[in-house]
Amino acid sequence: SALVRLNRLGYLADPPADLLRLLGDGLRYSRLTDGVFDPTVQPLWQLYASHFARAGAAAQGPSEAELAQTLARVSYHAVTLDSRRIALQRPGMGITLNGIAQGYITDCITRLLRQGGLERALVDMGEIRGLDRRASPGDWRVGLADPRAPQRILASVPVRNQALATSGGYGTALDAAGRYTHLFDPRTGAAQPRYQSVSVMAPNATMADALSTAFSQMPLQATAPIVRELGLRAWFVPLEGGLVSQGGEG
């Protein structure tokens with residue numbers, strides 16, 4: 001794929017329009033979150049995956065020295081792109097779009113359905129987006145699951161021409177004990193999110209996907225200004241349980 005070639009070579013000439021657009025969106029959310037969302041965390045994924053794949057791997061994860069060496073290859077500031085070329089400015093860097101691509105694909109499918117004349121649909125391509133073009137729309141309702149008991153619904157929220165994305169470390173554990181996950185903090189290299197799960201409702205699924213990923217590593221006082229600025233709604237399931245909401249009516 002184009003992304004594999006970019007990661008292998010460190011540059012990509014004449015990048016596909018979708019890759020260029022999606023990576024550009026990703027870097028925009030990197031700036032918005034002061035780097036907590038960062039598509040260059042692929043080296044961290046590789047570090048943790050290789051560490052826990054070894055027999056007798058230390059339960060506390062990679063060493064501080066390994067983390068420091070890896071973090072030197074993680075920085076959205078070191079990505080340059082224009083219509084002719086994408087380049088990674090540091091040796092050994094790598095891009096992953098796992099924190100935003102599902103949302104982008106959801107938006108693309110929703111757009112195709114709308115262009116095809118479909119008036120009402122609930123699209124789920126990894127993230128969820130409601131579509132309703134009728135004069136008297138009826139809300140789609142989506143349940144927010146309890147990460148520790150997925151059959152239990154913590155809240156049911158209406159999704160009217162908006163998108164909803166949920167990020168939770170429980171979805172992809174990197175170690176047998178489930179302590180380390182795929183939700184990395186690009187500032188420290190930590191792989192243990194602050195919350196059991198984070199759900200974000202936004203005008204489009206690309207935004208909801210990226211911000212639910214970033215919010216997983218951000219304190220509530222840091223997420224609140226972004227929620228207000230963009231008119232979002234967000235739900236956080238703390239490690240101790242319960243549900244905390246920001247934006248809207250709760």
# chains A, B, ... in the order shown; residues from 1 in each chain; ligands from 1
call {"tool": "select_by_dssp", "arguments": {"residues": "segment 188-248 of chain A", "states": "alpha helix (DSSP H)", "output": "PyMOL selection string"}}
result
chain A and resi 205-215+220-230
call {"tool": "residues_around", "arguments": {"residues": "Asp14 of chain A", "least_positions_apart": "3", "cutoff": "8 Å", "atoms": "only C-alpha atoms", "output": "PyMOL selection string"}}
result
chain A and resi 83-85
call {"tool": "select_by_dssp", "arguments": {"residues": "segment 174-203 of chain A", "states": "strand (DSSP E)", "output": "JSON, numbers by chain"}}
result
{"A": [195, 196, 197, 198, 199, 200, 201, 202]}
call {"tool": "write_last_selection", "arguments": {"atoms": "all heavy atoms", "output": "compact mmCIF listing (two decimals), in the first residue's frame"}}
result
# COMPACT_ATOMS: atom_id res chain seq x y z
N TYR A 195 -8.71 6.40 30.88
CA TYR A 195 -10.10 6.01 31.05
C TYR A 195 -10.32 4.60 30.51
O TYR A 195 -9.57 4.11 29.67
CB TYR A 195 -11.02 6.99 30.32
CG TYR A 195 -10.68 8.43 30.56
CD1 TYR A 195 -9.90 9.14 29.65
CD2 TYR A 195 -11.12 9.09 31.70
CE1 TYR A 195 -9.56 10.47 29.87
CE2 TYR A 195 -10.78 10.42 31.94
CZ TYR A 195 -10.00 11.11 31.01
OH TYR A 195 -9.66 12.42 31.23
N GLN A 196 -11.40 3.97 30.97
CA GLN A 196 -11.78 2.70 30.38
C GLN A 196 -12.20 2.88 28.92
O GLN A 196 -11.87 2.07 28.06
CB GLN A 196 -12.93 2.07 31.17
CG GLN A 196 -12.57 1.61 32.57
CD GLN A 196 -13.74 0.89 33.20
OE1 GLN A 196 -14.29 -0.06 32.63
NE2 GLN A 196 -14.16 1.35 34.37
N SER A 197 -12.94 3.95 28.67
CA SER A 197 -13.32 4.27 27.29
C SER A 197 -13.68 5.74 27.19
O SER A 197 -14.00 6.39 28.20
CB SER A 197 -14.51 3.41 26.82
OG SER A 197 -15.71 3.78 27.48
N VAL A 198 -13.63 6.25 25.97
CA VAL A 198 -14.03 7.63 25.67
C VAL A 198 -14.87 7.60 24.40
O VAL A 198 -14.48 6.97 23.41
CB VAL A 198 -12.81 8.55 25.44
CG1 VAL A 198 -13.27 9.96 25.06
CG2 VAL A 198 -11.92 8.61 26.67
N SER A 199 -16.01 8.26 24.43
CA SER A 199 -16.87 8.38 23.25
C SER A 199 -17.03 9.86 22.91
O SER A 199 -17.21 10.69 23.81
CB SER A 199 -18.25 7.76 23.50
OG SER A 199 -18.15 6.38 23.79
N VAL A 200 -16.96 10.17 21.63
CA VAL A 200 -17.08 11.55 21.17
C VAL A 200 -18.12 11.61 20.07
O VAL A 200 -18.09 10.82 19.12
CB VAL A 200 -15.73 12.10 20.65
CG1 VAL A 200 -15.93 13.47 20.00
CG2 VAL A 200 -14.73 12.21 21.80
N MET A 201 -19.06 12.57 20.19
CA MET A 201 -20.01 12.86 19.12
C MET A 201 -19.60 14.15 18.44
O MET A 201 -19.36 15.17 19.10
CB MET A 201 -21.44 12.98 19.66
CG MET A 201 -22.49 13.16 18.57
SD MET A 201 -24.15 13.41 19.23
CE MET A 201 -24.41 11.83 20.04
N ALA A 202 -19.49 14.11 17.11
CA ALA A 202 -18.99 15.24 16.34
C ALA A 202 -19.74 15.32 15.01
O ALA A 202 -20.46 14.39 14.63
CB ALA A 202 -17.49 15.07 16.09
call {"tool": "closest_atom_pairs", "arguments": {"of": "segment 50-150 of chain A", "to": "segment 1-11 of chain A", "cutoff": "10 Å", "atoms": "only C-alpha atoms", "output": "tab-separated table"}}
result
residue	atom	partner	partner_atom	distance
A:Val79	CA	A:Tyr11	CA	9.6
A:Thr80	CA	A:Tyr11	CA	9.4
A:Leu81	CA	A:Tyr11	CA	9.5
A:Arg85	CA	A:Tyr11	CA	7.1
A:Ile86	CA	A:Tyr11	CA	5.5
A:Ala87	CA	A:Tyr11	CA	4.2
A:Leu88	CA	A:Gly10	CA	5.1
A:Gln89	CA	A:Gly10	CA	7.6
A:Arg90	CA	A:Gly10	CA	8.1
A:Pro91	CA	A:Gly10	CA	7.3
A:Gly92	CA	A:Gly10	CA	7.7
A:Met93	CA	A:Asn7	CA	6.9
A:Gly94	CA	A:Asn7	CA	4.9
A:Ile95	CA	A:Asn7	CA	6.4
A:Thr96	CA	A:Leu3	CA	8.2
A:Leu97	CA	A:Leu3	CA	9.0
call {"tool": "residues_around", "arguments": {"residues": "Gln115 of chain A", "least_positions_apart": "6", "cutoff": "12 Å", "atoms": "only C-alpha atoms", "output": "list of chain:residue names"}}
result
A:Cys108, A:Ile109, A:Leu131, A:Arg133
call {"tool": "closest_atom_pairs", "arguments": {"of": "segment 27-144 of chain A", "to": "segment 226-247 of chain A", "cutoff": "9 Å", "atoms": "only C-alpha atoms", "output": "tab-separated table"}}
result
residue	atom	partner	partner_atom	distance
A:Leu32	CA	A:Ile226	CA	8.0
A:Thr33	CA	A:Ile226	CA	8.2
A:Leu144	CA	A:Trp235	CA	8.7
call {"tool": "residues_around", "arguments": {"residues": "segment 164-174 of chain A", "least_positions_apart": "6", "cutoff": "8 Å", "atoms": "only C-alpha atoms", "output": "list in words"}}
result
Tyr48, Ala49, Phe52, Gly103, Glu127, Ile128, Arg129, Pro147, Tyr180, Thr181, His182, Leu183, Gln192, Pro193, Tyr195, Gln196, Ser197, Val198, Ser199, Val200, Met201, Ala202, Ala205, Ala208, Asp209, Ser212, Thr213 and Ser216 of chain A
call {"tool": "closest_residue", "arguments": {"among": "A:Thr40, A:Thr188, A:Gln217, A:Thr223", "to": "Arg73 of chain A", "atoms": "only C-alpha atoms"}}
result
A:Thr40
call {"tool": "atom_distance", "arguments": {"atom1": "atom CA of Phe184 of chain A", "atom2": "atom CA of Leu47 of chain A"}}
result
11.5 Å
call {"tool": "closest_residue", "arguments": {"among": "A:Leu19, A:Ala59, A:Val74, A:Ala53", "to": "Gly178 of chain A", "atoms": "only C-alpha atoms"}}
result
A:Ala59
call {"tool": "residues_around", "arguments": {"residues": "Leu22 of chain A", "least_positions_apart": "3", "cutoff": "8 Å", "atoms": "only C-alpha atoms", "output": "list in words"}}
result
Asp18, Leu19, Asp25, Gly26, Ile100, Ala101 and Tyr104 of chain A
call {"tool": "write_last_selection", "arguments": {"atoms": "C-alpha atoms", "output": "mmCIF file, in the first residue's frame"}}
result
data_model
loop_
_atom_site.group_PDB
_atom_site.id
_atom_site.type_symbol
_atom_site.label_atom_id
_atom_site.label_comp_id
_atom_site.auth_asym_id
_atom_site.auth_seq_id
_atom_site.Cartn_x
_atom_site.Cartn_y
_atom_site.Cartn_z
ATOM 1 C CA ASP A 18 -7.255 10.015 0.135
ATOM 2 C CA LEU A 19 -3.964 9.420 1.952
ATOM 3 C CA ASP A 25 -6.629 15.892 8.803
ATOM 4 C CA GLY A 26 -4.564 13.871 11.258
ATOM 5 C CA ILE A 100 -8.607 8.090 12.371
ATOM 6 C CA ALA A 101 -9.020 5.908 9.261
ATOM 7 C CA TYR A 104 -12.711 8.652 7.505
#
call {"tool": "residues_around", "arguments": {"residues": "Trp140 of chain A", "least_positions_apart": "5", "cutoff": "12 Å", "atoms": "only C-alpha atoms", "output": "list in words"}}
result
Arg120, Ala121, Leu122, Val123, Ile128, Arg129, Gly130, Leu131, Asp132, Ser156, Val157, Pro158, Val159, Arg160, Asn161, Gln162, Ala163 and Leu164 of chain A
call {"tool": "write_last_selection", "arguments": {"atoms": "N, CA and C atoms", "output": "compact mmCIF listing (two decimals), in the first residue's frame"}}
result
# COMPACT_ATOMS: atom_id res chain seq x y z
N ARG A 120 -32.17 7.93 4.65
CA ARG A 120 -32.00 7.59 6.07
C ARG A 120 -31.16 6.33 6.18
N ALA A 121 -30.11 6.39 6.98
CA ALA A 121 -29.23 5.24 7.18
C ALA A 121 -28.43 5.42 8.45
N LEU A 122 -28.03 4.32 9.04
CA LEU A 122 -27.08 4.33 10.14
C LEU A 122 -25.86 3.56 9.65
N VAL A 123 -24.75 4.26 9.48
CA VAL A 123 -23.55 3.70 8.89
C VAL A 123 -22.58 3.31 10.01
N ILE A 128 -19.54 5.20 13.91
CA ILE A 128 -20.96 5.28 13.58
C ILE A 128 -21.32 6.69 13.11
N ARG A 129 -22.14 6.75 12.05
CA ARG A 129 -22.66 8.04 11.60
C ARG A 129 -24.12 7.88 11.18
N GLY A 130 -24.96 8.75 11.72
CA GLY A 130 -26.38 8.73 11.37
C GLY A 130 -26.66 9.67 10.21
N LEU A 131 -27.50 9.22 9.29
CA LEU A 131 -27.89 10.02 8.14
C LEU A 131 -29.41 10.06 8.10
N ASP A 132 -29.97 11.27 8.05
CA ASP A 132 -31.42 11.42 7.94
C ASP A 132 -31.72 12.74 7.25
N SER A 156 -27.88 5.87 26.48
CA SER A 156 -28.35 5.80 25.10
C SER A 156 -28.41 7.23 24.58
N VAL A 157 -27.71 7.49 23.47
CA VAL A 157 -27.60 8.87 22.99
C VAL A 157 -28.16 8.99 21.57
N PRO A 158 -28.83 10.11 21.25
CA PRO A 158 -29.36 10.31 19.90
C PRO A 158 -28.25 10.75 18.94
N VAL A 159 -28.29 10.21 17.74
CA VAL A 159 -27.31 10.57 16.71
C VAL A 159 -28.08 11.02 15.47
N ARG A 160 -28.23 12.33 15.32
CA ARG A 160 -28.97 12.88 14.18
C ARG A 160 -28.00 13.64 13.28
N ASN A 161 -27.69 13.06 12.13
CA ASN A 161 -26.76 13.66 11.18
C ASN A 161 -25.44 14.04 11.85
N GLN A 162 -25.03 13.19 12.76
CA GLN A 162 -23.75 13.35 13.44
C GLN A 162 -23.06 11.99 13.50
N ALA A 163 -21.87 11.97 14.07
CA ALA A 163 -21.09 10.74 14.16
C ALA A 163 -20.70 10.49 15.60
N LEU A 164 -20.50 9.22 15.93
CA LEU A 164 -20.10 8.83 17.27
C LEU A 164 -18.96 7.82 17.16
call {"tool": "residues_around", "arguments": {"residues": "Ser30 of chain A", "least_positions_apart": "4", "cutoff": "10 Å", "atoms": "only C-alpha atoms", "output": "PyMOL selection string"}}
result
chain A and resi 24-26+34-39+75-77+210-211+214
call {"tool": "write_last_selection", "arguments": {"atoms": "N, CA and C atoms", "output": "short mmCIF file (atom, residue, chain, number, x, y, z; two decimals), in the first residue's frame"}}
result
data_model
loop_
_atom_site.label_atom_id
_atom_site.label_comp_id
_atom_site.auth_asym_id
_atom_site.auth_seq_id
_atom_site.Cartn_x
_atom_site.Cartn_y
_atom_site.Cartn_z
N GLY A 24 -3.42 14.84 6.28
CA GLY A 24 -3.57 16.26 6.57
C GLY A 24 -4.55 16.51 7.71
N ASP A 25 -5.68 15.79 7.70
CA ASP A 25 -6.63 15.89 8.80
C ASP A 25 -5.98 15.46 10.11
N GLY A 26 -5.21 14.36 10.06
CA GLY A 26 -4.56 13.87 11.26
C GLY A 26 -3.62 14.89 11.86
N ASP A 34 -2.33 19.56 20.85
CA ASP A 34 -0.93 19.74 21.27
C ASP A 34 -0.14 18.43 21.20
N GLY A 35 -0.41 17.66 20.17
CA GLY A 35 0.37 16.47 19.92
C GLY A 35 -0.09 15.20 20.60
N VAL A 36 -1.21 15.26 21.34
CA VAL A 36 -1.69 14.03 21.97
C VAL A 36 -2.22 13.07 20.90
N PHE A 37 -2.88 13.61 19.89
CA PHE A 37 -3.15 12.79 18.72
C PHE A 37 -1.94 12.93 17.80
N ASP A 38 -1.31 11.81 17.46
CA ASP A 38 -0.10 11.87 16.64
C ASP A 38 -0.03 10.62 15.76
N PRO A 39 -0.17 10.78 14.45
CA PRO A 39 -0.14 9.61 13.56
C PRO A 39 1.24 8.98 13.43
N SER A 75 7.08 12.21 16.19
CA SER A 75 6.76 13.64 16.22
C SER A 75 6.01 14.04 14.96
N TYR A 76 4.79 14.54 15.14
CA TYR A 76 4.03 15.00 13.98
C TYR A 76 4.69 16.22 13.34
N HIS A 77 5.53 16.94 14.11
CA HIS A 77 6.24 18.09 13.55
C HIS A 77 7.21 17.68 12.45
N ALA A 210 -10.64 10.68 15.68
CA ALA A 210 -9.36 11.24 16.10
C ALA A 210 -9.42 11.77 17.53
N LEU A 211 -10.50 12.46 17.86
CA LEU A 211 -10.57 13.09 19.18
C LEU A 211 -10.86 12.08 20.28
N ALA A 214 -7.43 10.82 21.03
CA ALA A 214 -6.61 11.78 21.79
C ALA A 214 -7.12 11.95 23.21
#
call {"tool": "atom_distance", "arguments": {"atom1": "atom CA of Ala57 of chain A", "atom2": "atom CA of Ala190 of chain A"}}
result
16.9 Å
call {"tool": "decode", "arguments": {"residues": "segment 167-183 of chain A", "atoms": "all heavy atoms", "output": "compact mmCIF listing (two decimals), in the first residue's frame"}}
result
# COMPACT_ATOMS: atom_id res chain seq x y z
N SER A 167 -13.29 5.05 21.80
CA SER A 167 -11.94 4.48 21.93
C SER A 167 -11.81 3.88 23.31
O SER A 167 -12.16 4.51 24.31
CB SER A 167 -10.87 5.56 21.74
OG SER A 167 -10.86 6.03 20.40
N GLY A 168 -11.30 2.66 23.36
CA GLY A 168 -11.08 2.00 24.64
C GLY A 168 -9.91 1.04 24.54
O GLY A 168 -9.81 0.27 23.58
N GLY A 169 -9.04 1.09 25.51
CA GLY A 169 -7.87 0.22 25.48
C GLY A 169 -8.22 -1.25 25.55
O GLY A 169 -7.44 -2.10 25.09
N TYR A 170 -9.39 -1.57 26.11
CA TYR A 170 -9.81 -2.97 26.22
C TYR A 170 -9.94 -3.64 24.85
O TYR A 170 -9.93 -4.86 24.75
CB TYR A 170 -11.15 -3.06 26.96
CG TYR A 170 -12.27 -2.31 26.30
CD1 TYR A 170 -13.09 -2.92 25.36
CD2 TYR A 170 -12.52 -0.97 26.59
CE1 TYR A 170 -14.12 -2.23 24.74
CE2 TYR A 170 -13.53 -0.26 25.98
CZ TYR A 170 -14.33 -0.89 25.06
OH TYR A 170 -15.33 -0.20 24.43
N GLY A 171 -10.06 -2.84 23.79
CA GLY A 171 -10.24 -3.40 22.45
C GLY A 171 -9.00 -4.08 21.91
O GLY A 171 -9.10 -5.04 21.14
N THR A 172 -7.82 -3.59 22.29
CA THR A 172 -6.57 -4.17 21.79
C THR A 172 -5.52 -4.13 22.90
O THR A 172 -4.83 -3.13 23.07
CB THR A 172 -6.04 -3.40 20.56
OG1 THR A 172 -7.07 -3.32 19.58
CG2 THR A 172 -4.83 -4.10 19.96
N ALA A 173 -5.44 -5.20 23.63
CA ALA A 173 -4.42 -5.30 24.68
C ALA A 173 -3.13 -5.84 24.07
O ALA A 173 -3.15 -6.73 23.23
CB ALA A 173 -4.90 -6.21 25.79
N LEU A 174 -2.00 -5.28 24.49
CA LEU A 174 -0.71 -5.68 23.95
C LEU A 174 -0.01 -6.74 24.80
O LEU A 174 0.92 -7.40 24.32
CB LEU A 174 0.19 -4.45 23.80
CG LEU A 174 -0.33 -3.36 22.87
CD1 LEU A 174 0.64 -2.19 22.84
CD2 LEU A 174 -0.55 -3.90 21.47
N ASP A 175 -0.44 -6.88 26.06
CA ASP A 175 0.16 -7.89 26.93
C ASP A 175 -0.92 -8.83 27.44
O ASP A 175 -2.12 -8.52 27.37
CB ASP A 175 0.90 -7.23 28.10
CG ASP A 175 -0.04 -6.45 29.00
OD1 ASP A 175 -0.99 -5.83 28.47
OD2 ASP A 175 0.14 -6.47 30.22
N ALA A 176 -0.52 -9.96 27.93
CA ALA A 176 -1.48 -10.98 28.38
C ALA A 176 -2.35 -10.49 29.53
O ALA A 176 -3.52 -10.86 29.63
CB ALA A 176 -0.74 -12.25 28.79
N ALA A 177 -1.80 -9.63 30.38
CA ALA A 177 -2.55 -9.13 31.53
C ALA A 177 -3.52 -8.01 31.15
O ALA A 177 -4.37 -7.63 31.96
CB ALA A 177 -1.59 -8.65 32.62
N GLY A 178 -3.40 -7.48 29.95
CA GLY A 178 -4.28 -6.41 29.52
C GLY A 178 -3.96 -5.05 30.11
O GLY A 178 -4.80 -4.15 30.10
N ARG A 179 -2.76 -4.88 30.61
CA ARG A 179 -2.37 -3.59 31.23
C ARG A 179 -1.96 -2.57 30.19
O ARG A 179 -2.10 -1.37 30.40
CB ARG A 179 -1.22 -3.81 32.21
CG ARG A 179 -1.57 -4.65 33.44
CD ARG A 179 -0.32 -4.91 34.27
NE ARG A 179 0.34 -3.67 34.66
CZ ARG A 179 1.62 -3.57 34.98
NH1 ARG A 179 2.40 -4.65 34.93
NH2 ARG A 179 2.13 -2.41 35.33
N TYR A 180 -1.41 -3.02 29.07
CA TYR A 180 -0.90 -2.11 28.05
C TYR A 180 -1.75 -2.24 26.78
O TYR A 180 -2.10 -3.35 26.37
CB TYR A 180 0.57 -2.43 27.74
CG TYR A 180 1.48 -2.21 28.93
CD1 TYR A 180 1.75 -3.26 29.82
CD2 TYR A 180 2.03 -0.97 29.19
CE1 TYR A 180 2.57 -3.06 30.92
CE2 TYR A 180 2.85 -0.76 30.29
CZ TYR A 180 3.11 -1.80 31.15
OH TYR A 180 3.91 -1.60 32.25
N THR A 181 -2.06 -1.09 26.17
CA THR A 181 -3.00 -1.08 25.06
C THR A 181 -2.41 -0.33 23.87
O THR A 181 -1.30 0.19 23.92
CB THR A 181 -4.32 -0.39 25.47
OG1 THR A 181 -4.17 1.04 25.41
CG2 THR A 181 -4.73 -0.80 26.89
N HIS A 182 -3.22 -0.24 22.81
CA HIS A 182 -2.80 0.44 21.59
C HIS A 182 -2.99 1.95 21.66
O HIS A 182 -2.70 2.66 20.68
CB HIS A 182 -3.60 -0.10 20.41
CG HIS A 182 -5.07 0.25 20.47
ND1 HIS A 182 -5.89 -0.18 21.49
CD2 HIS A 182 -5.85 0.98 19.65
CE1 HIS A 182 -7.11 0.28 21.29
NE2 HIS A 182 -7.12 0.99 20.18
N LEU A 183 -3.50 2.48 22.77
CA LEU A 183 -3.73 3.92 22.91
C LEU A 183 -2.51 4.54 23.58
O LEU A 183 -2.39 4.57 24.81
CB LEU A 183 -5.00 4.18 23.72
CG LEU A 183 -6.30 3.74 23.03
CD1 LEU A 183 -7.48 3.79 23.99
CD2 LEU A 183 -6.57 4.60 21.80
